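The structure appears below as structure tokens.
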Amino acid sequence: MTTEEKHLYRHVIAALVTNEPGVLAQVASMFAARGFNIDSLVVGRTENPELSRMTIVVNGDDSTLEQVRKQLAKLVAVVRIVDYLDAAFVERDLMLVQVSTAGENSPIEHRTELIELANIFRAQIVDVSNDQLMIKMSGTEEKIEAFIDMIKPYGIIEMARTGVIAMSRGNATTARKAKAKVAVSPQANPPAIDPGDLPPG
């Protein structure tokens with residue numbers, strides 16, 4: 001592993017943008033032109049009908065993260081940028097997946113095993129047919145990836161994921177976040193654990 005690879009991190013950034021035509025295209029074009037390694041980009045409505053919330057997951061070092069923030073700030077449509085670095089926050093990804101229940105064993109047996117797996121991971125069965133199940137699941141990327149690994153042997157027919165959305169925990173103010181960023185070291189205690197993020201078992 002090279003020194004450069006050791007310093008690559010996963011960063012989550014949110015940006016409030018005005019509801020104008022072409023805003024998403026502007027942001028996507030900016031990322032593409034500068035070659036940023038964007039893992040996920042999600043846009044959705046907020047409590048303010050004039051604003052949308054854009055959540056971006058970017059892989060890179062600290063200088064890459066700084067460039068992303070600066071380039072976003074240059075866009076007229078961007079009202080505010082929220083960086084979740086060193087802040088306690090909740091993130092969720094939503095997945096719908098069709099899984100086959102056909103195979104050497106009976107469909108009923110496969111269906112029962114998949115339902116048990118879904119229950120362990122706190123997922124939901126949202127559609128059932130003779131030879132497949134549709135499962136809905138939300139959680140962190142790590143939790144969803146772990147579930148995907150468990151159901152792959154049954155045969156994934158189709159899958160769709162929304163990408164990551166994130167929000168700060170509690171009533172964390174800007175001053176509190178800044179203080180935490182200075183005080184918390186990589187060896188310090190991690191943020192509080194959300195029960196939904198716990199591994200199965």
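Going by the structure tokens order, chains are called A, B, ..., each with residues numbered from 1, while ligands are numbered from 1 in the order shown.
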Residue contacts of Asp62 in chain A (9 Å, only C-alpha atoms) excluding same-chain residues fewer than 2 positions away, as a PyMOL selection string: chain A and resi 7-9+60+64-67
Output C-alpha atoms for every residue in the selection just made, as a PDB file, in the first residue's frame.
```pdb
ATOM      1  CA  HIS A   7      -4.413   8.861   3.322  1.00  0.00           C
ATOM      2  CA  LEU A   8      -7.573   8.361   1.274  1.00  0.00           C
ATOM      3  CA  TYR A   9     -10.728   8.852   3.317  1.00  0.00           C
ATOM      4  CA  GLY A  60      -9.956  11.379  -1.292  1.00  0.00           C
ATOM      5  CA  THR A  64      -9.366  16.808  -2.179  1.00  0.00           C
ATOM      6  CA  LEU A  65     -12.047  17.492   0.414  1.00  0.00           C
ATOM      7  CA  GLU A  66     -10.939  21.123   0.643  1.00  0.00           C
ATOM      8  CA  GLN A  67     -11.104  21.473  -3.152  1.00  0.00           C
TER       9      GLN A  67
END
```
For Lys152 in chain A, find every residue with an atom within 10 Å (counting only C-alpha atoms), except residues of its own chain fewer than 5 positions away, and show them as an MDAnalysis selection string. chainID A and resid 99:100 147 157
Run DSSP on the backbone of this structure and report the residues of range 16-160 of chain A it assigns to strand (DSSP E or B), as a PyMOL selection string. chain A and resi 16-18+38-45+51-60+78-83+89-100+124-128+132-139+156-160
Keeping only C-alpha atoms, take the residues you just selected and write them out as a short mmCIF file (atom, residue, chain, number, x, y, z; two decimals), in the first residue's frame.
```
data_model
loop_
_atom_site.label_atom_id
_atom_site.label_comp_id
_atom_site.auth_asym_id
_atom_site.auth_seq_id
_atom_site.Cartn_x
_atom_site.Cartn_y
_atom_site.Cartn_z
CA LEU A 16 -28.21 23.39 0.42
CA VAL A 17 -28.93 24.56 -3.12
CA THR A 18 -31.65 26.69 -4.66
CA ILE A 38 -17.54 10.87 -6.20
CA ASP A 39 -19.01 7.71 -4.69
CA SER A 40 -22.57 9.01 -4.25
CA LEU A 41 -24.55 12.17 -5.06
CA VAL A 42 -28.16 12.50 -3.89
CA VAL A 43 -30.54 15.44 -4.24
CA GLY A 44 -33.89 15.77 -2.46
CA ARG A 45 -36.41 18.27 -1.18
CA LEU A 51 -34.16 24.77 -1.29
CA SER A 52 -32.96 21.25 -2.02
CA ARG A 53 -30.42 19.24 -0.08
CA MET A 54 -27.52 17.65 -1.93
CA THR A 55 -25.56 14.93 -0.10
CA ILE A 56 -22.16 14.02 -1.56
CA VAL A 57 -19.88 11.14 -0.62
CA VAL A 58 -16.36 11.73 -1.91
CA ASN A 59 -13.26 9.55 -1.59
CA GLY A 60 -9.96 11.38 -1.29
CA VAL A 78 -25.15 26.78 -3.43
CA VAL A 79 -26.52 28.50 -0.32
CA ARG A 80 -24.67 26.62 2.43
CA ILE A 81 -22.21 23.73 2.78
CA VAL A 82 -22.23 21.32 5.74
CA ASP A 83 -19.12 19.21 6.30
CA PHE A 89 -24.17 12.43 12.30
CA VAL A 90 -26.61 9.81 11.06
CA GLU A 91 -26.41 8.49 7.51
CA ARG A 92 -28.75 6.20 5.65
CA ASP A 93 -28.86 4.47 2.27
CA LEU A 94 -32.04 2.84 0.96
CA MET A 95 -32.05 -0.29 -1.19
CA LEU A 96 -34.68 -2.30 -3.07
CA VAL A 97 -33.51 -5.70 -4.25
CA GLN A 98 -35.18 -8.60 -6.09
CA VAL A 99 -33.77 -11.97 -5.00
CA SER A 100 -34.46 -15.33 -6.61
CA GLN A 124 -38.59 -5.72 5.06
CA ILE A 125 -40.22 -8.01 2.50
CA VAL A 126 -42.28 -5.71 0.26
CA ASP A 127 -43.25 -8.09 -2.57
CA VAL A 128 -43.52 -11.87 -2.97
CA GLN A 132 -38.55 -14.24 -6.12
CA LEU A 133 -38.76 -11.79 -3.23
CA MET A 134 -38.40 -8.01 -3.16
CA ILE A 135 -36.62 -6.73 -0.06
CA LYS A 136 -36.40 -3.16 1.20
CA MET A 137 -33.55 -2.19 3.49
CA SER A 138 -32.14 1.03 4.92
CA GLY A 139 -28.95 1.56 6.90
CA ILE A 156 -29.77 -11.07 -7.19
CA ILE A 157 -32.16 -10.36 -10.07
CA GLU A 158 -32.30 -6.58 -9.81
CA MET A 159 -31.16 -3.93 -7.33
CA ALA A 160 -31.61 -0.18 -6.87
#
```
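The residue that comes closest to Met150 in chain A, out of A:Phe121, A:Ala73, A:Asp61, A:Arg169 and on the basis of only C-alpha atoms, is A:Phe121.
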Gap from CA of Ala123 in chain A to CA of Gly155 in chain A - Å, one decimal: 17.4 Å
Backbone-only DSSP, alpha helix (DSSP H) members of range 5-193 of chain A, as an MDAnalysis selection string: chainID A and resid 5:6 23:34 62:74 107:120 141:151 174:183
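The coordinates place CA of Glu141 in chain A at 17.9 Å from CA of Ala87 in chain A.
Restricting the calculation to only C-alpha atoms, the smallest distance between Leu117 in chain A and any of A:Ile151, A:Ala102, A:Ala28, A:Ile144 is found for A:Ile151.
When only C-alpha atoms are used to measure the gap to Tyr154 in chain A, the shortest distance among A:Thr112, A:Thr101, A:Met30, A:Gly170 belongs to A:Thr101.
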